[in-house]
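> Below is the file data.cif, which contains mmCIF, C-alpha atoms and all ligand atoms.
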```cif
data_coords
#
loop_
_atom_site.label_atom_id
_atom_site.label_comp_id
_atom_site.auth_asym_id
_atom_site.auth_seq_id
_atom_site.Cartn_x
_atom_site.Cartn_y
_atom_site.Cartn_z
CA MET A 278 -30.05 -7.50 35.45
CA HIS A 279 -27.30 -8.08 38.03
CA LEU A 280 -24.70 -5.30 38.13
CA ALA A 281 -21.86 -7.85 37.77
CA ALA A 282 -23.21 -8.67 34.32
CA LEU A 283 -22.65 -5.04 33.32
CA HIS A 284 -18.97 -4.95 34.15
CA THR A 285 -17.54 -6.66 31.05
CA PRO A 286 -19.23 -4.67 28.31
CA SER A 287 -16.31 -3.91 25.97
CA GLN A 288 -17.72 -6.38 23.40
CA ILE A 289 -21.02 -4.51 23.42
CA GLN A 290 -19.53 -1.03 23.33
CA LEU A 291 -16.84 -1.51 20.69
CA ASN A 292 -17.17 -2.44 17.03
CA ARG A 293 -15.03 -5.06 15.31
CA HIS A 294 -12.28 -2.47 14.76
CA GLY A 295 -12.19 -1.72 18.49
CA HIS A 296 -13.91 1.66 18.06
CA LEU A 297 -16.79 2.93 20.19
CA LYS A 298 -20.27 2.16 18.80
CA HIS A 299 -22.31 2.48 22.03
CA PHE A 300 -21.28 4.33 25.21
CA LEU A 301 -22.77 2.50 28.16
CA THR A 302 -20.21 2.47 30.95
CA ILE A 303 -16.57 3.30 31.63
CA GLU A 304 -15.72 -0.23 32.73
CA GLY A 305 -14.08 -2.29 30.01
CA LEU A 306 -12.86 0.71 28.01
CA SER A 307 -9.13 1.35 27.60
CA LYS A 308 -7.12 4.42 28.49
CA ALA A 309 -6.70 4.99 24.73
CA THR A 310 -10.48 5.07 24.22
CA LEU A 311 -11.06 7.47 27.12
CA SER A 312 -8.18 9.68 25.96
CA LYS A 313 -9.67 9.71 22.46
CA ILE A 314 -12.97 11.00 23.89
CA LEU A 315 -11.12 13.70 25.86
CA ASP A 316 -8.96 14.75 22.88
CA THR A 317 -11.99 14.87 20.58
CA ALA A 318 -13.92 16.93 23.14
CA GLN A 319 -11.00 19.34 23.47
CA SER A 320 -10.93 19.74 19.67
CA PHE A 321 -14.45 21.22 19.83
CA PHE A 322 -13.08 24.33 21.58
CA ASN A 323 -11.54 27.02 19.36
CA ALA A 324 -8.45 29.10 20.14
CA ASN A 325 -10.63 31.51 22.16
CA ASN A 326 -11.96 28.62 24.26
CA GLN A 327 -15.40 28.85 22.69
CA LEU A 328 -17.35 25.78 21.61
CA ILE A 329 -17.50 25.36 17.84
CA THR A 330 -20.27 24.17 15.52
CA THR A 331 -19.46 21.52 12.92
CA PRO A 332 -21.58 19.49 10.42
CA LEU A 333 -20.24 16.06 11.52
CA LEU A 334 -23.73 14.64 12.16
CA GLU A 335 -25.61 16.48 9.41
CA GLY A 336 -28.58 14.41 8.26
CA ARG A 337 -28.44 12.15 11.33
CA THR A 338 -31.24 11.94 13.90
CA VAL A 339 -30.54 11.93 17.63
CA MET A 340 -33.41 11.08 19.98
CA ASN A 341 -33.29 12.02 23.67
CA LEU A 342 -35.19 9.44 25.74
CA PHE A 343 -35.29 10.58 29.34
CA PHE A 344 -37.38 8.27 31.49
CA GLU A 345 -36.04 10.14 34.54
CA ASN A 346 -35.76 13.90 35.14
CA SER A 347 -32.69 15.89 34.14
CA THR A 348 -31.61 19.49 33.71
CA ARG A 349 -27.94 19.36 32.70
CA THR A 350 -27.59 16.05 30.88
CA ARG A 351 -30.63 16.33 28.66
CA THR A 352 -30.03 19.95 27.72
CA THR A 353 -26.32 19.54 27.04
CA PHE A 354 -26.96 16.46 24.88
CA GLU A 355 -29.43 18.54 22.90
CA ALA A 356 -26.96 21.42 22.63
CA ALA A 357 -24.20 18.99 21.62
CA ALA A 358 -26.27 17.32 18.90
CA LYS A 359 -27.29 20.73 17.51
CA ARG A 360 -23.65 21.87 17.45
CA LEU A 361 -22.95 18.76 15.33
CA SER A 362 -25.83 19.76 12.99
CA ALA A 363 -27.92 16.65 13.81
CA ASN A 364 -31.72 16.59 13.87
CA VAL A 365 -32.66 16.36 17.55
CA LEU A 366 -35.93 15.00 18.88
CA ASN A 367 -36.69 15.18 22.60
CA ILE A 368 -39.21 12.43 23.21
CA ASP A 369 -41.75 13.42 25.84
CA ILE A 370 -41.91 10.13 27.71
CA ALA A 371 -44.57 11.38 30.15
CA ARG A 372 -46.95 12.00 27.21
CA SER A 373 -45.92 8.93 25.20
CA SER A 374 -47.95 5.76 24.78
CA THR A 375 -45.92 4.10 27.52
CA SER A 376 -48.68 5.52 29.76
CA LYS A 377 -51.15 3.32 27.83
CA GLY A 378 -49.14 0.20 28.55
CA GLU A 379 -46.85 0.11 25.50
CA THR A 380 -43.66 -1.79 26.33
CA LEU A 381 -40.21 -0.21 26.23
CA ARG A 382 -39.34 -2.58 23.37
CA ASP A 383 -42.31 -1.47 21.24
CA THR A 384 -41.70 2.21 21.97
CA LEU A 385 -38.07 1.91 20.90
CA TRP A 386 -38.82 -0.12 17.75
CA ASN A 387 -41.31 2.55 16.70
CA LEU A 388 -38.79 5.31 17.28
CA GLU A 389 -36.13 3.35 15.38
CA ALA A 390 -38.61 3.08 12.49
CA MET A 391 -38.71 6.91 12.46
CA ALA A 392 -35.08 6.79 11.25
CA ALA A 393 -33.34 7.28 14.59
CA ASP A 394 -29.56 6.93 14.32
CA LEU A 395 -28.76 7.45 17.97
CA PHE A 396 -30.65 7.15 21.26
CA VAL A 397 -29.56 9.02 24.39
CA VAL A 398 -31.17 7.09 27.25
CA ARG A 399 -31.66 7.95 30.91
CA HIS A 400 -33.55 5.41 32.99
CA SER A 401 -34.01 4.68 36.68
CA SER A 402 -33.25 0.97 36.15
CA SER A 403 -29.61 -0.11 36.21
CA GLY A 404 -28.82 -1.86 32.93
CA ALA A 405 -31.54 -0.19 30.83
CA ALA A 406 -29.11 1.20 28.23
CA HIS A 407 -27.25 -2.14 28.03
CA PHE A 408 -30.54 -3.93 27.51
CA ILE A 409 -31.46 -1.64 24.63
CA ALA A 410 -28.02 -1.88 22.99
CA GLN A 411 -27.79 -5.63 23.40
CA THR A 412 -31.26 -6.86 22.64
CA VAL A 413 -33.64 -4.14 21.41
CA CYS A 414 -31.93 -1.78 18.95
CA PRO A 415 -28.32 -2.92 18.40
CA GLN A 416 -28.11 -0.99 15.13
CA VAL A 417 -28.87 2.34 16.79
CA ALA A 418 -25.94 3.90 18.68
CA ILE A 419 -26.97 3.94 22.36
CA ILE A 420 -25.54 6.48 24.81
CA ASN A 421 -26.18 5.91 28.51
CA ALA A 422 -27.21 9.22 30.10
CA GLY A 423 -27.46 7.63 33.57
CA ASP A 424 -29.00 4.29 34.59
CA GLY A 425 -30.12 3.76 38.18
CA ARG A 426 -27.19 3.50 40.56
CA HIS A 427 -25.03 1.87 37.91
CA ALA A 428 -23.28 4.36 35.61
CA HIS A 429 -23.20 7.89 34.27
CA PRO A 430 -20.32 7.63 31.79
CA THR A 431 -20.66 11.01 30.06
CA GLN A 432 -20.72 12.74 33.48
CA ALA A 433 -17.48 10.91 34.32
CA MET A 434 -15.89 12.00 31.05
CA LEU A 435 -16.92 15.65 31.49
CA ASP A 436 -15.48 15.45 35.00
CA MET A 437 -12.23 14.08 33.56
CA LEU A 438 -12.13 16.79 30.89
CA THR A 439 -12.68 19.43 33.57
CA ILE A 440 -9.87 18.00 35.72
CA ARG A 441 -7.52 17.88 32.72
CA ARG A 442 -8.33 21.39 31.51
CA GLU A 443 -8.26 23.00 34.97
CA THR A 444 -5.18 21.30 36.47
CA GLN A 445 -3.12 20.87 33.28
CA LYS A 446 -1.57 17.82 34.98
CA ASP A 447 -1.40 14.13 34.18
CA PHE A 448 -3.91 12.04 36.15
CA SER A 449 -1.03 10.07 37.71
CA GLU A 450 0.09 13.24 39.53
CA LEU A 451 -3.29 14.03 41.10
CA SER A 452 -5.00 13.25 44.40
CA VAL A 453 -8.76 13.26 43.96
CA ALA A 454 -11.32 13.18 46.79
CA ILE A 455 -14.94 12.12 46.19
CA ILE A 456 -17.23 13.03 49.09
CA GLY A 457 -20.75 12.05 50.06
CA ASP A 458 -23.40 9.55 49.10
CA ILE A 459 -21.24 7.01 47.27
CA LYS A 460 -23.72 4.21 47.87
CA HIS A 461 -26.48 5.61 45.70
CA SER A 462 -24.29 7.47 43.22
CA ARG A 463 -23.80 6.37 39.62
CA VAL A 464 -21.47 9.37 39.22
CA ALA A 465 -19.12 8.07 41.93
CA ARG A 466 -18.87 4.64 40.30
CA SER A 467 -18.15 6.07 36.87
CA ASP A 468 -15.73 8.72 38.18
CA VAL A 469 -13.71 6.12 40.09
CA ALA A 470 -13.55 3.85 37.03
CA ALA A 471 -12.48 6.72 34.75
CA LEU A 472 -9.83 7.97 37.19
CA GLN A 473 -8.40 4.46 37.56
CA THR A 474 -8.32 3.89 33.79
CA LEU A 475 -6.63 7.24 33.20
CA GLY A 476 -3.91 6.40 35.73
CA CYS A 477 -4.90 8.27 38.90
CA ARG A 478 -3.19 6.56 41.82
CA ASP A 479 -4.73 8.44 44.75
CA ILE A 480 -8.54 8.33 44.81
CA ARG A 481 -10.03 9.08 48.23
CA VAL A 482 -13.61 8.17 48.90
CA ILE A 483 -14.95 10.11 51.89
CA ALA A 484 -18.24 8.99 53.43
CA PRO A 485 -19.82 7.50 56.50
CA ASN A 486 -19.98 3.71 56.35
CA THR A 487 -23.75 3.94 55.90
CA LEU A 488 -23.27 5.75 52.56
CA LEU A 489 -20.70 3.32 51.15
CA PRO A 490 -21.85 0.53 48.86
CA TYR A 491 -21.60 -3.08 49.92
CA GLY A 492 -18.33 -4.53 48.63
CA PHE A 493 -16.63 -1.14 48.51
CA GLU A 494 -13.23 -2.89 48.38
CA ALA A 495 -14.17 -4.02 44.86
CA PHE A 496 -13.58 -0.44 43.68
CA GLY A 497 -10.01 -1.65 43.15
CA PRO A 498 -6.58 -0.06 42.79
CA GLY A 499 -5.76 3.38 44.06
CA VAL A 500 -8.97 3.81 46.07
CA ARG A 501 -8.83 4.54 49.81
CA LEU A 502 -11.71 5.03 52.22
CA PHE A 503 -11.86 7.86 54.73
CA ASN A 504 -14.59 8.35 57.30
CA GLN A 505 -13.02 11.62 58.46
CA MET A 506 -13.39 14.54 56.07
CA GLU A 507 -10.31 16.35 57.42
CA GLN A 508 -7.98 13.40 56.77
CA GLY A 509 -9.48 12.64 53.38
CA ILE A 510 -9.11 16.05 51.77
CA ALA A 511 -5.66 16.87 53.19
CA ASP A 512 -3.37 18.02 50.33
CA CYS A 513 -5.68 16.89 47.56
CA ASP A 514 -5.80 18.54 44.11
CA VAL A 515 -9.43 17.90 43.23
CA ILE A 516 -12.56 17.63 45.39
CA ILE A 517 -15.74 16.18 43.91
CA THR A 518 -18.74 16.68 46.18
CA LEU A 519 -21.83 14.61 45.51
CA ARG A 520 -25.50 15.28 46.01
CA ILE A 521 -27.05 13.97 49.17
CA GLN A 522 -30.21 12.42 47.89
CA ASN A 523 -32.98 14.22 49.74
CA GLU A 524 -35.28 11.28 49.32
CA ARG A 525 -32.94 9.29 51.56
CA ILE A 526 -32.56 11.89 54.28
CA ASN A 527 -34.18 10.82 57.56
CA SER A 528 -33.68 7.18 56.50
CA PRO A 529 -31.43 5.03 58.70
CA ALA A 530 -28.54 5.81 56.30
CA LEU A 531 -28.44 9.46 57.35
CA ALA A 532 -29.71 11.07 60.52
CA SER A 533 -30.32 14.59 59.18
CA GLN A 534 -29.11 17.20 56.72
CA SER A 535 -27.56 19.21 59.54
CA GLU A 536 -25.66 16.21 60.87
CA PHE A 537 -24.32 15.44 57.39
CA TYR A 538 -23.27 19.06 56.94
CA LYS A 539 -21.49 19.00 60.30
CA MET A 540 -19.54 15.86 59.43
CA TYR A 541 -19.05 16.08 55.64
CA GLY A 542 -20.12 19.51 54.37
CA LEU A 543 -17.45 21.33 52.35
CA ASN A 544 -16.76 24.68 54.03
CA PRO A 545 -13.83 27.14 53.91
CA GLN A 546 -12.10 25.61 56.96
CA ARG A 547 -12.05 22.18 55.37
CA LEU A 548 -11.14 23.41 51.91
CA ALA A 549 -8.11 25.14 53.48
CA LEU A 550 -6.70 21.66 54.21
CA ALA A 551 -6.47 20.83 50.50
CA LYS A 552 -3.77 22.19 48.18
CA ASP A 553 -3.90 25.95 47.54
CA ASP A 554 -4.94 25.40 43.92
CA CYS A 555 -7.38 22.57 44.64
CA ILE A 556 -10.46 22.73 42.41
CA VAL A 557 -13.99 22.01 43.64
CA MET A 558 -16.46 20.09 41.48
CA HIS A 559 -20.08 18.97 41.79
CA PRO A 560 -22.12 17.12 39.14
CA GLY A 561 -25.34 18.89 40.20
CA PRO A 562 -28.03 19.25 41.26
CA MET A 563 -26.51 20.78 44.42
CA ASN A 564 -27.98 20.99 47.90
CA ARG A 565 -26.43 24.23 49.13
CA GLY A 566 -25.72 24.14 52.85
CA VAL A 567 -25.82 20.33 52.94
CA GLU A 568 -22.89 18.88 50.98
CA ILE A 569 -21.38 22.25 50.04
CA GLU A 570 -21.47 25.77 51.43
CA SER A 571 -22.60 28.47 49.00
CA SER A 572 -19.40 30.48 49.48
CA ILE A 573 -17.45 27.50 48.08
CA ALA A 574 -19.94 26.65 45.31
CA ASP A 575 -19.80 30.26 44.07
CA GLY A 576 -16.17 30.89 45.02
CA PRO A 577 -12.93 31.10 43.05
CA ARG A 578 -12.00 27.42 43.43
CA SER A 579 -15.34 26.20 42.09
CA VAL A 580 -15.35 24.86 38.52
CA ILE A 581 -18.93 23.62 38.74
CA LEU A 582 -20.26 25.69 35.84
CA ASN A 583 -17.17 24.86 33.75
CA GLN A 584 -18.22 21.22 34.16
CA VAL A 585 -21.52 22.06 32.47
CA THR A 586 -19.82 23.73 29.48
CA ASN A 587 -17.32 20.87 29.21
CA GLY A 588 -20.31 18.54 29.20
CA ILE A 589 -21.35 19.89 25.80
CA ALA A 590 -17.89 19.20 24.35
CA VAL A 591 -17.74 15.70 25.82
CA ARG A 592 -21.23 14.88 24.59
CA MET A 593 -20.34 16.18 21.13
CA ALA A 594 -17.33 13.83 21.17
CA VAL A 595 -19.31 10.81 22.34
CA LEU A 596 -22.11 11.41 19.82
CA ALA A 597 -19.65 11.81 16.94
CA LEU A 598 -17.46 8.82 17.86
CA ALA A 599 -20.36 6.45 18.55
CA MET A 600 -22.08 7.44 15.30
CA GLN A 601 -18.88 6.78 13.34
CA GLY A 602 -18.34 3.47 15.14
CA GLN A 603 -21.90 2.34 14.47
CA LEU A 604 -21.64 3.19 10.75
CA GLU A 605 -18.32 1.32 10.53
CA GLU A 606 -19.84 -1.71 12.20
CA GLN A 607 -22.62 -1.77 9.64
CA GLY A 608 -20.09 -1.42 6.79
CA LEU A 609 -21.55 1.96 5.83
CA ILE A 610 -18.21 3.79 6.15
CA GLU A 611 -14.59 2.68 6.09
CA ALA A 612 -12.80 2.04 9.37
CA ILE A 613 -11.30 5.25 10.64
CA ALA A 614 -8.18 5.78 12.69
CA GLN A 615 -9.29 6.60 16.25
N1 LIG B 701 -25.35 15.74 36.67
C1 LIG B 701 -26.56 15.36 36.20
O1 LIG B 701 -26.75 14.23 35.72
O2 LIG B 701 -27.51 16.32 36.27
P1 LIG B 701 -28.99 16.18 35.70
O3 LIG B 701 -29.70 15.14 36.51
O4 LIG B 701 -29.61 17.54 35.82
O5 LIG B 701 -28.89 15.74 34.27
#
```
Show me, as structure tokens, the structure contained in the file I just sent.

Amino acid sequence: MHLAALHTPSQIQLNRHGHLKHFLTIEGLSKATLSKILDTAQSFFNANNQLITTPLLEGRTVMNLFFENSTRTRTTFEAAAKRLSANVLNIDIARSSTSKGETLRDTLWNLEAMAADLFVVRHSSSGAAHFIAQTVCPQVAIINAGDGRHAHPTQAMLDMLTIRRETQKDFSELSVAIIGDIKHSRVARSDVAALQTLGCRDIRVIAPNTLLPYGFEAFGPGVRLFNQMEQGIADCDVIITLRIQNERINSPALASQSEFYKMYGLNPQRLALAKDDCIVMHPGPMNRGVEIESSIADGPRSVILNQVTNGIAVRMAVLALAMQGQLEEQGLIEAIAQ
């Protein structure tokens, strides 16, 4: 599927009342919808800032379908579903009958027949979650947990929740720098889209030209390109460093890890150019000493582990809202005010 075909998905993601029923990508969703996800996620923290447990999805079955490896996303989706009292099944794709030649379609229809209400899908092919939502199992709520280079919408929303909780500022007041391998990063695409939708006016993308996607200008309003790290992070409020994909190191896109670190690695000297209260984020997995120095990753400005905790709250919100939206669509519950 061509990526352009994935950029107008509001009809697929929203039910006839305009409420979320699948969560596939940030593009096409309104500021009100993203704010609703953030507000709902925030409501899952109690007054002591601890995550709560609530029976919102009691009796519902969530299936995690990870066709690609994951530590954070898969585990936090499982933790989120359990905190909502859902039944959670982690499907072991490597041991499934896909290895005997069963098609994706047949695998999913069989899982749907086991009373699945919601699929969380990670796949190396861009568009896999759209394909499932559109043509395979439209009556199951589909959550995209990362598809190829296309989108990682729950990562973007946990990043937005982290920015909101840590800075306590409106997005329109913030300067956000995203550094590294933009070209191959689904996180960068989804973060930029979420920041734009939430009103951020100063989004700085910092990368060598070889790690920028073709048609970078299409990223749209508020986005500026910097090839020089020092210029890009000057006076910014938020720095998001991205993983350099080891599998691409020593390709023509990147000469070496040490060269990347020299040009774009986040170290104390560079961080000193940002605002004094600038926060440092990373979606993980991190390559210490390549895109980020350990003293920064483990230092006082790092909110990297807070991102992981916030990921549970965001995934609780997305699971709960998509389940409600799917039931509304099928006429199984009344429309709710979102
Ligand atoms: N950030 C992220 O998607 O991490 P995992 O690949 O470990 O899920």
> Identify the residues around (-24.4, 4.6, 22.5) within a radius of 7 Å, measuring from only C-alpha atoms in the coordinates stated by the file, and give them as a list in words.
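Residues lying no farther than 7 Å from the given point: Lys298, His299, Phe300, Leu301, Leu395, Phe396, Ala418, Ile419, Ile420, Asn421 and Ala599 of chain A.
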> Between A:Ala612, A:Val398, A:Ile440, A:Ala484, single out the one closest to ligand LIG 701 (chain B), counting all atoms listed in the file.
A:Val398
> Within 8 Å of ligand LIG 701 (chain B), counting all atoms listed in the file, which protein or nucleic acid residues do you find, written as a list in words?
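Those residues are Asn346, Ser347, Thr348, Arg349, Thr350, Arg351, Thr352, Ala422, Gly423, His429, Gln432, Val464, Pro560, Gly561 and Pro562 of chain A.
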> Would you list the residues near (-6.1, 16.9, 32.3), meaning any protein, DNA or RNA residue with an atom at most 12 Å from that point in file coordinates, counting all atoms listed in the file, as a PyMOL selection string?
chain A and resi 311-312+315-316+319+434-451+472+475-477+514-515
> Please, what distance in Å, to one decimal, runs between atom CA of Arg382 of chain A and atom CA of Glu345 of chain A?
17.2 Å
> Quick one: segment 376-387 of chain A with all heavy atoms, as a tab-separated table (two decimals), in the first residue's frame?

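Once everything was written out, this is result_37.tsv:
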```tsv
chain	number	residue	atom	x	y	z
A	376	SER	N	3.78	-19.97	10.35
A	376	SER	CA	5.00	-20.64	9.90
A	376	SER	C	4.68	-21.83	8.98
A	376	SER	O	5.56	-22.35	8.31
A	376	SER	CB	5.83	-21.11	11.09
A	376	SER	OG	5.08	-22.05	11.83
A	377	LYS	N	3.41	-22.26	8.98
A	377	LYS	CA	3.02	-23.37	8.08
A	377	LYS	C	2.35	-22.83	6.82
A	377	LYS	O	1.74	-23.59	6.06
A	377	LYS	CB	2.04	-24.31	8.80
A	377	LYS	CG	2.60	-24.96	10.04
A	377	LYS	CD	1.52	-25.82	10.68
A	377	LYS	CE	1.76	-26.00	12.16
A	377	LYS	NZ	0.56	-26.42	12.87
A	378	GLY	N	2.40	-21.52	6.65
A	378	GLY	CA	1.87	-20.95	5.42
A	378	GLY	C	0.47	-20.36	5.55
A	378	GLY	O	-0.11	-19.91	4.56
A	379	GLU	N	-0.09	-20.34	6.77
A	379	GLU	CA	-1.42	-19.73	6.94
A	379	GLU	C	-1.33	-18.23	6.65
A	379	GLU	O	-0.38	-17.57	7.08
A	379	GLU	CB	-1.92	-19.95	8.37
A	379	GLU	CG	-3.35	-19.49	8.59
A	379	GLU	CD	-3.88	-19.90	9.96
A	379	GLU	OE1	-3.34	-19.41	10.98
A	379	GLU	OE2	-4.81	-20.72	10.02
A	380	THR	N	-2.30	-17.70	5.94
A	380	THR	CA	-2.26	-16.28	5.59
A	380	THR	C	-2.60	-15.43	6.81
A	380	THR	O	-3.25	-15.90	7.77
A	380	THR	CB	-3.27	-15.94	4.48
A	380	THR	OG1	-4.59	-16.18	5.00
A	380	THR	CG2	-3.04	-16.75	3.22
A	381	LEU	N	-2.22	-14.15	6.73
A	381	LEU	CA	-2.56	-13.20	7.80
A	381	LEU	C	-4.07	-13.15	7.98
A	381	LEU	O	-4.59	-13.17	9.10
A	381	LEU	CB	-2.01	-11.81	7.42
A	381	LEU	CG	-2.32	-10.67	8.38
A	381	LEU	CD1	-1.65	-10.88	9.73
A	381	LEU	CD2	-1.87	-9.33	7.79
A	382	ARG	N	-4.80	-13.10	6.85
A	382	ARG	CA	-6.26	-13.05	6.88
A	382	ARG	C	-6.85	-14.23	7.68
A	382	ARG	O	-7.68	-14.04	8.56
A	382	ARG	CB	-6.75	-13.14	5.44
A	382	ARG	CG	-7.80	-12.16	5.05
A	382	ARG	CD	-8.13	-12.41	3.59
A	382	ARG	NE	-7.62	-11.39	2.71
A	382	ARG	CZ	-8.28	-10.28	2.42
A	382	ARG	NH1	-9.46	-10.05	2.93
A	382	ARG	NH2	-7.76	-9.37	1.63
A	383	ASP	N	-6.38	-15.43	7.36
A	383	ASP	CA	-6.93	-16.62	8.03
A	383	ASP	C	-6.56	-16.63	9.51
A	383	ASP	O	-7.38	-16.98	10.36
A	383	ASP	CB	-6.42	-17.90	7.34
A	383	ASP	CG	-7.21	-18.21	6.07
A	383	ASP	OD1	-8.42	-17.90	6.03
A	383	ASP	OD2	-6.62	-18.73	5.11
A	384	THR	N	-5.34	-16.24	9.81
A	384	THR	CA	-4.92	-16.18	11.23
A	384	THR	C	-5.84	-15.23	11.99
A	384	THR	O	-6.36	-15.56	13.06
A	384	THR	CB	-3.46	-15.68	11.33
A	384	THR	OG1	-2.62	-16.58	10.61
A	384	THR	CG2	-2.99	-15.61	12.77
A	385	LEU	N	-6.09	-14.06	11.41
A	385	LEU	CA	-6.89	-13.05	12.12
A	385	LEU	C	-8.36	-13.48	12.23
A	385	LEU	O	-8.99	-13.27	13.27
A	385	LEU	CB	-6.78	-11.71	11.40
A	385	LEU	CG	-5.37	-11.10	11.47
A	385	LEU	CD1	-5.26	-9.91	10.53
A	385	LEU	CD2	-5.03	-10.68	12.88
A	386	TRP	N	-8.90	-14.09	11.18
A	386	TRP	CA	-10.30	-14.55	11.27
A	386	TRP	C	-10.46	-15.60	12.35
A	386	TRP	O	-11.47	-15.65	13.05
A	386	TRP	CB	-10.74	-15.09	9.90
A	386	TRP	CG	-11.10	-14.01	8.92
A	386	TRP	CD1	-11.48	-12.73	9.21
A	386	TRP	CD2	-11.12	-14.10	7.49
A	386	TRP	NE1	-11.72	-12.02	8.05
A	386	TRP	CE2	-11.51	-12.83	6.98
A	386	TRP	CE3	-10.84	-15.12	6.59
A	386	TRP	CZ2	-11.63	-12.57	5.62
A	386	TRP	CZ3	-10.96	-14.86	5.22
A	386	TRP	CH2	-11.35	-13.60	4.75
A	387	ASN	N	-9.44	-16.48	12.48
A	387	ASN	CA	-9.50	-17.49	13.54
A	387	ASN	C	-9.43	-16.86	14.92
A	387	ASN	O	-10.15	-17.26	15.84
A	387	ASN	CB	-8.38	-18.52	13.35
A	387	ASN	CG	-8.77	-19.59	12.33
A	387	ASN	OD1	-9.34	-20.61	12.69
A	387	ASN	ND2	-8.50	-19.34	11.06
```
